[in-house]
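Enquirer: Contents of query-v4.cif (mmCIF, C-alpha atoms) are given next:
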```cif
data_data
#
loop_
_atom_site.label_atom_id
_atom_site.label_comp_id
_atom_site.auth_asym_id
_atom_site.auth_seq_id
_atom_site.Cartn_x
_atom_site.Cartn_y
_atom_site.Cartn_z
CA MET A 156 9.75 -2.83 5.64
CA LYS A 157 8.58 0.79 5.79
CA THR A 158 5.07 1.13 7.15
CA ALA A 159 2.39 3.71 7.91
CA ILE A 160 -0.46 3.53 10.39
CA ILE A 161 -3.92 4.63 9.30
CA PHE A 162 -6.20 5.02 12.29
CA ASP A 163 -9.62 6.24 13.31
CA CYS A 164 -11.34 6.90 16.63
CA GLU A 165 -14.93 6.77 17.81
CA PHE A 166 -15.58 9.27 20.57
CA LEU A 167 -18.59 9.81 22.79
CA VAL A 168 -21.51 11.72 21.35
CA THR A 169 -25.19 12.19 22.08
CA GLU A 170 -27.83 13.16 19.55
CA ASN A 171 -27.04 16.59 18.06
CA ALA A 172 -24.04 17.09 20.39
CA GLN A 173 -21.88 18.01 17.39
CA ARG A 174 -24.24 20.89 16.54
CA ARG A 175 -23.91 22.08 20.15
CA PHE A 176 -20.10 21.66 20.08
CA TRP A 177 -20.56 19.20 22.97
CA CYS A 178 -21.68 22.15 25.16
CA GLY A 179 -25.12 20.87 26.16
CA PRO A 180 -25.71 20.22 29.88
CA TYR A 181 -25.93 16.45 29.31
CA ASP A 182 -23.30 16.09 26.59
CA PRO A 183 -20.30 13.96 27.55
CA ASP A 184 -16.76 15.10 26.90
CA PRO A 185 -15.81 13.80 23.41
CA VAL A 186 -13.41 11.19 24.78
CA ILE A 187 -12.61 8.07 22.80
CA ALA A 188 -14.31 4.71 23.22
CA GLN A 189 -12.71 2.86 20.29
CA ILE A 190 -9.50 3.00 18.28
CA GLY A 191 -9.04 1.20 14.98
CA ALA A 192 -5.68 1.04 13.23
CA VAL A 193 -4.26 -0.50 10.06
CA LYS A 194 -0.59 -1.15 9.36
CA LEU A 195 0.09 -0.48 5.67
CA GLY A 196 3.30 -1.60 4.03
CA LEU A 197 4.95 1.11 1.92
CA GLU A 198 7.02 -1.16 -0.27
CA GLY A 199 6.23 -3.77 -2.93
CA ASP A 200 2.48 -4.07 -3.52
CA PHE A 201 1.63 -1.91 -0.49
CA PRO A 202 0.10 -4.75 1.53
CA ILE A 203 -2.07 -4.46 4.62
CA LEU A 204 0.17 -6.08 7.22
CA ASP A 205 -1.97 -6.01 10.34
CA THR A 206 -5.02 -4.45 11.97
CA THR A 207 -6.21 -3.77 15.50
CA ARG A 208 -9.45 -2.67 17.15
CA ILE A 209 -9.28 -1.48 20.74
CA TYR A 210 -12.22 -0.63 23.00
CA VAL A 211 -11.47 2.07 25.56
CA LYS A 212 -13.27 2.64 28.86
CA PRO A 213 -14.31 6.32 28.55
CA MET A 214 -13.76 8.10 31.86
CA ASP A 215 -15.14 11.44 33.03
CA ARG A 216 -13.26 14.20 34.83
CA ASP A 217 -13.93 12.62 38.23
CA GLY A 218 -12.55 9.23 37.22
CA ASN A 219 -15.94 7.59 36.73
CA ARG A 220 -16.80 5.66 33.60
CA PHE A 221 -19.18 7.40 31.24
CA SER A 222 -22.30 5.41 30.46
CA ILE A 223 -22.87 4.67 26.79
CA ASP A 224 -25.71 6.72 25.33
CA PRO A 225 -28.21 4.75 23.18
CA PHE A 226 -27.61 7.19 20.31
CA PHE A 227 -23.89 6.37 20.40
CA THR A 228 -24.66 2.64 20.32
CA LYS A 229 -27.03 3.10 17.38
CA LEU A 230 -24.41 5.16 15.52
CA THR A 231 -21.35 3.01 16.18
CA GLY A 232 -22.59 -0.39 17.33
CA ILE A 233 -20.52 0.03 20.50
CA SER A 234 -22.54 -1.08 23.53
CA GLU A 235 -22.12 -1.08 27.29
CA GLN A 236 -21.35 -4.79 26.94
CA ASN A 237 -18.48 -4.12 24.50
CA ILE A 238 -16.94 -1.59 26.88
CA GLU A 239 -17.48 -3.70 29.99
CA GLN A 240 -16.14 -6.93 28.51
CA GLU A 241 -13.46 -5.67 26.11
CA GLY A 242 -12.63 -2.13 27.22
CA VAL A 243 -9.20 -1.21 28.55
CA SER A 244 -7.94 1.95 30.20
CA LEU A 245 -6.94 4.88 28.01
CA HIS A 246 -3.35 4.49 29.21
CA ASP A 247 -3.25 0.84 28.13
CA ALA A 248 -5.02 1.56 24.83
CA LEU A 249 -2.54 4.28 23.87
CA ASN A 250 0.40 2.10 24.81
CA ASP A 251 -1.07 -0.74 22.76
CA VAL A 252 -1.57 1.41 19.66
CA ASN A 253 1.90 2.92 20.08
CA GLN A 254 3.41 -0.57 20.27
CA PHE A 255 1.32 -1.62 17.25
CA SER A 256 2.73 1.33 15.28
CA ASP A 257 6.36 0.36 15.93
CA GLY A 258 7.39 3.98 15.46
CA ALA A 259 5.58 4.53 12.13
CA GLN A 260 3.77 7.74 11.18
CA PHE A 261 0.05 7.94 12.00
CA TRP A 262 -2.50 9.15 9.44
CA SER A 263 -6.22 9.81 9.96
CA TRP A 264 -9.00 11.33 7.91
CA GLY A 265 -8.89 14.67 9.67
CA LYS A 266 -7.34 15.11 13.10
CA ASP A 267 -8.58 12.23 15.22
CA GLU A 268 -5.48 12.51 17.37
CA LEU A 269 -6.98 15.61 18.98
CA ASN A 270 -9.73 13.48 20.51
CA MET A 271 -7.41 10.54 21.15
CA MET A 272 -4.48 12.38 22.68
CA ALA A 273 -5.41 15.94 23.59
CA ILE A 274 -9.00 15.75 24.87
CA SER A 275 -9.02 12.18 26.19
CA CYS A 276 -5.66 12.49 27.94
CA TYR A 277 -6.58 15.87 29.39
CA VAL A 278 -9.86 14.57 30.82
CA ALA A 279 -8.18 11.42 32.16
CA ASN A 280 -5.32 13.51 33.59
CA ILE A 281 -2.61 11.41 31.94
CA ALA A 282 0.32 12.42 29.77
CA PRO A 283 -0.02 11.76 26.02
CA VAL A 284 2.03 8.73 25.00
CA ILE A 285 2.62 9.65 21.35
CA PRO A 286 4.01 13.08 20.37
CA ALA A 287 2.03 15.32 18.03
CA HIS A 288 4.65 15.26 15.26
CA ARG A 289 3.90 11.58 14.60
CA PHE A 290 0.35 12.39 13.44
CA ASP A 291 -0.79 13.86 10.14
CA ASN A 292 -3.93 14.45 8.12
CA ALA A 293 -4.64 12.05 5.24
CA CYS A 294 -6.86 14.68 3.61
CA LYS A 295 -3.63 16.39 2.50
CA LEU A 296 -2.51 13.20 0.76
CA LEU A 297 -5.70 12.92 -1.26
CA LEU A 298 -5.57 16.59 -2.17
CA SER A 299 -2.06 16.06 -3.54
CA ALA A 300 -3.31 12.98 -5.41
CA GLY A 301 -5.97 15.00 -7.20
CA MET A 302 -9.15 14.63 -5.13
CA PRO A 303 -11.04 17.94 -5.44
CA TYR A 304 -11.02 20.04 -2.28
CA GLU A 305 -14.82 20.43 -2.39
CA ASP A 306 -15.19 16.63 -2.42
CA ILE A 307 -12.72 16.19 0.44
CA LYS A 308 -14.77 18.59 2.57
CA LYS A 309 -17.98 16.60 2.10
CA THR A 310 -16.65 13.02 2.07
CA SER A 311 -16.43 11.19 5.39
CA SER A 312 -13.88 8.46 6.04
CA ASN A 313 -16.45 5.68 5.89
CA ARG A 314 -17.54 6.82 2.41
CA LEU A 315 -14.08 7.35 0.98
CA ALA A 316 -13.59 3.89 -0.55
CA ALA A 317 -17.03 4.15 -2.17
CA TYR A 318 -16.09 7.57 -3.58
CA TYR A 319 -13.23 5.87 -5.44
CA ASP A 320 -15.53 2.95 -6.40
CA LEU A 321 -13.17 0.40 -4.86
CA SER A 322 -14.11 -3.22 -4.30
CA HIS A 323 -13.48 -4.36 -0.73
CA PRO A 324 -14.96 -6.52 2.03
CA PRO A 325 -18.09 -5.08 3.68
CA LEU A 326 -17.38 -2.16 6.03
CA LYS A 327 -19.56 -0.69 8.76
CA GLY A 328 -19.50 3.08 9.01
CA HIS A 329 -18.59 4.57 12.39
CA ASP A 330 -16.57 1.53 13.39
CA ALA A 331 -13.05 2.79 14.00
CA LEU A 332 -11.30 -0.11 12.28
CA ASP A 333 -13.65 -0.20 9.30
CA ASP A 334 -13.34 3.58 8.82
CA ALA A 335 -9.55 3.26 8.98
CA LEU A 336 -9.75 0.46 6.41
CA SER A 337 -11.85 2.66 4.09
CA VAL A 338 -9.07 5.26 4.11
CA THR A 339 -6.40 2.58 3.80
CA TYR A 340 -7.97 1.01 0.71
CA VAL A 341 -7.91 4.40 -1.00
CA LEU A 342 -4.29 5.14 -0.05
CA GLN A 343 -3.31 1.65 -1.18
CA HIS A 344 -5.09 2.21 -4.51
CA LEU A 345 -3.40 5.59 -5.06
CA LEU A 346 0.03 4.23 -4.16
CA ARG A 347 -0.45 1.31 -6.55
CA ASN A 348 -1.50 3.50 -9.50
CA GLY A 349 1.22 6.06 -8.87
CA SER A 350 -1.05 8.97 -7.89
CA LEU A 351 0.75 8.94 -4.55
CA THR A 352 4.46 8.27 -4.45
CA ASP A 353 4.90 8.38 -0.69
CA LEU A 354 3.00 9.09 2.51
CA ALA A 355 4.82 12.32 3.33
#
```
The structure given in the file should be rewritten as structure tokens.

Expert:
Amino acid sequence: MKTAIIFDCEFLVTENAQRRFWCGPYDPDPVIAQIGAVKLGLEGDFPILDTTRIYVKPMDRDGNRFSIDPFFTKLTGISEQNIEQEGVSLHDALNDVNQFSDGAQFWSWGKDELNMMAISCYVANIAPVIPAHRFDNACKLLLSAGMPYEDIKKTSSNRLAAYYDLSHPPLKGHDALDDALSVTYVLQHLLRNGSLTDLA
């Protein structure tokens, strides 16, 4: 069966770091701490075939683990305990998500692969596991399906399913898997009603 992977990442942030472009003296590098991915079938009724949520131990440039800022925990729900008990190395996390994908194309709402592969791998001094050509931006898909560009620019991944007024199980914003599911539900809906004919 043909499949696509819809994924999302949560990366380290402190309060207002985005406004400072992560350039403040106490801002961490925006390395990932969580990956969520959904395997969507592209045939039949476009079923969700599998999901995964991976916690990643975020490491700094000297090989020490970043501490989790309280603002990040409040935003994402990811705590020191989650990272300590469930976190894996970036190398293992990327290998796991690559194995989960089974060679399928990756789609995110925006360009999460830049934090996942470029920044995180650079800071950790490891080679990216998945080549850039396997990633693409799901915003392009929704633009082709008729979502107005102005709405795309102001709609975050966690609010996308609500934008389309879709019924779904409860989702928590800024959880990588739930945000990936929000995008997936919309793509599934558009594939089913014919607004999208393919993820390409």

Enquirer: Selection in question (the file shown): the PyMOL selection byres ((chain A and resi 197) around 9). Which residues does it include, as a PyMOL selection string?

Expert: chain A and resi 156-159+195-196+198-202+343+346+353-354

Enquirer: Enumerate, in order of chain and increasing residue number, the residues of segment 268-350 of chain A with an atom no farther than 9 Å from segment 222-244 of chain A, each with its shortest atom pair and distance in Å to one decimal, counting all atoms listed in the file, as a Markdown table.

Expert:
```
| residue | atom | partner | partner_atom | distance |
| --- | --- | --- | --- | --- |
| A:Lys327 | CA | A:Thr231 | CA | 8.5 |
| A:Gly328 | CA | A:Thr231 | CA | 7.4 |
| A:His329 | CA | A:Thr231 | CA | 4.9 |
| A:Asp330 | CA | A:Thr231 | CA | 5.7 |
| A:Ala331 | CA | A:Thr231 | CA | 8.6 |
```

Enquirer: Give me the residues within 8 Å of Val338 of chain A as a PyMOL selection string, counting all atoms listed in the file and dropping any in the same chain fewer than 5 places off.

Expert: chain A and resi 161+263-264+312-313+315-316

Enquirer: Using all atoms listed in the file, which residues sit within 8 Å of Leu167 of chain A once same-chain residues fewer than 3 positions away are excluded, as JSON, numbers by chain?

Expert: {"A": [183, 184, 185, 186, 187, 188, 213, 223, 227]}

Enquirer: Quick check, in Å to one decimal: how far apart do atom CA of Phe176 of chain A and atom CA of Lys308 of chain A lie?

Expert: 18.6 Å

Enquirer: Please provide the set of residues having any atom within 8 Å of Gln260 of chain A, restricted to all atoms listed in the file, with same-chain residues fewer than 3 positions apart removed, written as a list in words.

Expert: Thr158, Ala159, Ile160, Ser256, Arg289, Phe290 and Asp291 of chain A

Enquirer: List the neighbours of Met271 of chain A out to 12 Å using all atoms listed in the file; skip same-chain residues closer than 2 positions along the sequence, and give me the result as a count of residues only.

Expert: 42

Enquirer: For a test of reading the model, state the distance in Å between atom CA of Lys295 of chain A and atom CA of Arg208 of chain A, rounded to one decimal.

Expert: 24.7 Å

Enquirer: Can you measure atom CA of Asp247 of chain A to atom CA of Glu170 of chain A for me? One decimal in Å is fine.

Expert: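 Atom CA of Glu170 of chain A lies at a distance of 28.8 Å from atom CA of Asp247 of chain A.
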
Enquirer: Given all atoms listed in the file as the basis, pick out the residue of A:Asn171, A:Thr339, A:Gln254, A:Asn348 nearest to Leu204 of chain A.

Expert: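 The closest residue to Leu204 of chain A is A:Thr339.
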
Enquirer: Restricting the calculation to all atoms listed in the file: of A:Asn292, A:Ser322, A:Asn250, A:Ser311, which residue gets closest to Met272 of chain A?

Expert: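 Closest to Met272 of chain A of all the choices is A:Asn250.
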
Enquirer: Skipping near chain neighbours, those fewer than 4 positions away, what residues fall within 12 Å of Met302 of chain A using only C-alpha atoms, listed as a PDB file with C-alpha atoms, in the coordinates of the input?

Expert:
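Contents of the output file around_30.pdb:
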```
ATOM      1  CA  ALA A 293      -4.640  12.050   5.240  1.00  0.00           C
ATOM      2  CA  CYS A 294      -6.860  14.680   3.610  1.00  0.00           C
ATOM      3  CA  LYS A 295      -3.630  16.390   2.500  1.00  0.00           C
ATOM      4  CA  LEU A 296      -2.510  13.200   0.760  1.00  0.00           C
ATOM      5  CA  LEU A 297      -5.700  12.920  -1.260  1.00  0.00           C
ATOM      6  CA  LEU A 298      -5.570  16.590  -2.170  1.00  0.00           C
ATOM      7  CA  ASP A 306     -15.190  16.630  -2.420  1.00  0.00           C
ATOM      8  CA  ILE A 307     -12.720  16.190   0.440  1.00  0.00           C
ATOM      9  CA  LYS A 308     -14.770  18.590   2.570  1.00  0.00           C
ATOM     10  CA  LYS A 309     -17.980  16.600   2.100  1.00  0.00           C
ATOM     11  CA  THR A 310     -16.650  13.020   2.070  1.00  0.00           C
ATOM     12  CA  LEU A 315     -14.080   7.350   0.980  1.00  0.00           C
ATOM     13  CA  TYR A 318     -16.090   7.570  -3.580  1.00  0.00           C
ATOM     14  CA  TYR A 319     -13.230   5.870  -5.440  1.00  0.00           C
ATOM     15  CA  VAL A 341      -7.910   4.400  -1.000  1.00  0.00           C
ATOM     16  CA  LEU A 342      -4.290   5.140  -0.050  1.00  0.00           C
ATOM     17  CA  LEU A 345      -3.400   5.590  -5.060  1.00  0.00           C
ATOM     18  CA  SER A 350      -1.050   8.970  -7.890  1.00  0.00           C
ATOM     19  CA  LEU A 351       0.750   8.940  -4.550  1.00  0.00           C
TER      20      LEU A 351
END
```

Enquirer: I'd like to know which of A:Phe261, A:Asp182, A:Ala300, A:Asp251 is closest to Gly349 of chain A, using only C-alpha atoms.

Expert: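 Answer, going by the shortest atom-to-atom distance: A:Ala300.
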
Enquirer: So, counting all atoms listed in the file, which residue among A:Phe221, A:Asp205, A:Asp334, A:Tyr210 is closest to Tyr181 of chain A?

Expert: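 Comparing A:Phe221, A:Asp205, A:Asp334, A:Tyr210 against Tyr181 of chain A, the winner is A:Phe221.
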